[in-house]
Amino acid sequence: MIRIFLVGYMGAGKTTLGKALARRMNLSYIDTDQFLENRYHKKVCDIFASEGETQFRNLEYRILCEVSEIENVIISTGGGLPCFHDSMAVMNRMGTTVYLEVSVEELAARLKVSKTVRPVLQNRSGEELVDFVRENLNKRRPFYEQAGIRFNAGLMYTKCDVEALAEKLEALICNNP
């Protein structure tokens, strides 16, 4: 039975690397945000706006508990999911957790050009975006660092980079029971 949880800040590459890792390891892939959207037939940003953060985090936690029962899977979590309830304890108990570490500057650069609309980032650019990412990452880092594995996911510019990182991460996971 294999269950791997990828955690990290938005833009860290959880989805990109998660899909590549799942292909390499011949495992299923789940993105908790997408799972939640499919379950409730609403976009995450719409749930957040209409229900508020507390209710969103409660729904997100329920989804985590549900997907934590699935076997032979890579699970990419929402960036804030590890920071609420006892989510990191659940993930650490149920499988292998991997914190995808990326520098503040790289995260800001990725988020600046991201195709995914992230409402919390609207109207932020340049130094304001870097400062926002730094401040929020500093709040979340203590949760992320509870992961069993810390993995530098900084170089992800090409498909070859992604595949090379997936190969390195697979080796790290396989050597870290």
# chains A, B, ... in the order shown; residues from 1 in each chain; ligands from 1
call {"tool": "residues_around", "arguments": {"residues": "Leu27 in chain A", "least_positions_apart": "5", "cutoff": "8 Å", "atoms": "only C-alpha atoms", "output": "PyMOL selection string"}}
result
chain A and resi 22+72-74
call {"tool": "write_last_selection", "arguments": {"atoms": "all heavy atoms", "output": "JSON list (two decimals), in the first residue's frame"}}
result
[["chain", "number", "residue", "atom", "x", "y", "z"],
["A", 22, "ALA", "N", 3.09, 10.23, -10.10],
["A", 22, "ALA", "CA", 2.07, 9.19, -10.22],
["A", 22, "ALA", "C", 2.29, 8.35, -11.48],
["A", 22, "ALA", "O", 2.19, 7.12, -11.45],
["A", 22, "ALA", "CB", 0.67, 9.80, -10.21],
["A", 72, "ASN", "N", -2.56, 3.32, -2.90],
["A", 72, "ASN", "CA", -1.78, 3.40, -4.13],
["A", 72, "ASN", "C", -2.07, 4.68, -4.90],
["A", 72, "ASN", "O", -2.53, 4.68, -6.03],
["A", 72, "ASN", "CB", -2.02, 2.15, -4.99],
["A", 72, "ASN", "CG", -1.60, 0.91, -4.23],
["A", 72, "ASN", "OD1", -0.56, 0.89, -3.58],
["A", 72, "ASN", "ND2", -2.41, -0.12, -4.28],
["A", 73, "VAL", "N", -1.75, 5.79, -4.23],
["A", 73, "VAL", "CA", -2.13, 7.10, -4.73],
["A", 73, "VAL", "C", -1.12, 8.18, -4.33],
["A", 73, "VAL", "O", -0.49, 8.09, -3.27],
["A", 73, "VAL", "CB", -3.55, 7.47, -4.22],
["A", 73, "VAL", "CG1", -3.58, 7.62, -2.70],
["A", 73, "VAL", "CG2", -4.11, 8.69, -4.91],
["A", 74, "ILE", "N", -1.00, 9.16, -5.19],
["A", 74, "ILE", "CA", -0.29, 10.41, -4.88],
["A", 74, "ILE", "C", -1.39, 11.44, -4.66],
["A", 74, "ILE", "O", -2.27, 11.60, -5.50],
["A", 74, "ILE", "CB", 0.60, 10.89, -6.06],
["A", 74, "ILE", "CG1", 1.57, 9.80, -6.52],
["A", 74, "ILE", "CG2", 1.30, 12.20, -5.71],
["A", 74, "ILE", "CD1", 2.70, 9.50, -5.60]]
call {"tool": "residues_around", "arguments": {"residues": "Asp86 in chain A", "least_positions_apart": "4", "cutoff": "10 Å", "atoms": "only C-alpha atoms", "output": "VMD selection string"}}
result
chain A and resid 61 81 to 82 90 to 91 143
call {"tool": "closest_residue", "arguments": {"among": "A:Ile4, A:Ala49, A:Val162, A:Val104", "to": "Asn138 in chain A", "atoms": "only C-alpha atoms"}}
result
A:Val104
call {"tool": "residues_around", "arguments": {"residues": "Gly126 in chain A", "least_positions_apart": "3", "cutoff": "10 Å", "atoms": "only C-alpha atoms", "output": "list of chain:residue names"}}
result
A:Ala108, A:Ala109, A:Lys112, A:Leu129, A:Val130, A:Asp131
call {"tool": "select_by_dssp", "arguments": {"residues": "range 26-137 of chain A", "states": "strand (DSSP E or B)", "output": "PyMOL selection string"}}
result
chain A and resi 28-31+73-76+96-101
call {"tool": "select_by_dssp", "arguments": {"residues": "range 5-125 of chain A", "states": "alpha helix (DSSP H)", "output": "JSON, numbers by chain"}}
result
{"A": [14, 15, 16, 17, 18, 19, 20, 21, 22, 23, 24, 25, 32, 33, 34, 35, 36, 37, 38, 39, 40, 44, 45, 46, 47, 48, 49, 50, 51, 53, 54, 55, 56, 57, 58, 59, 60, 61, 62, 63, 64, 65, 66, 67, 87, 88, 89, 90, 91, 92, 93, 94, 104, 105, 106, 107, 108, 109, 110, 111, 112]}
call {"tool": "residues_around", "arguments": {"residues": "Leu172 in chain A", "least_positions_apart": "6", "cutoff": "12 Å", "atoms": "only C-alpha atoms", "output": "list of chain:residue names"}}
result
A:Leu21, A:Thr96, A:Thr97, A:Val98, A:Gly148, A:Ile149, A:Arg150, A:Phe151, A:Asn152, A:Leu165, A:Ala166
call {"tool": "residues_around", "arguments": {"residues": "Cys83 in chain A", "least_positions_apart": "2", "cutoff": "9 Å", "atoms": "only C-alpha atoms", "output": "PyMOL selection string"}}
result
chain A and resi 79-81+85-88+139-144
call {"tool": "atom_distance", "arguments": {"atom1": "CA of Met94 in chain A", "atom2": "CA of Glu69 in chain A"}}
result
7.8 Å
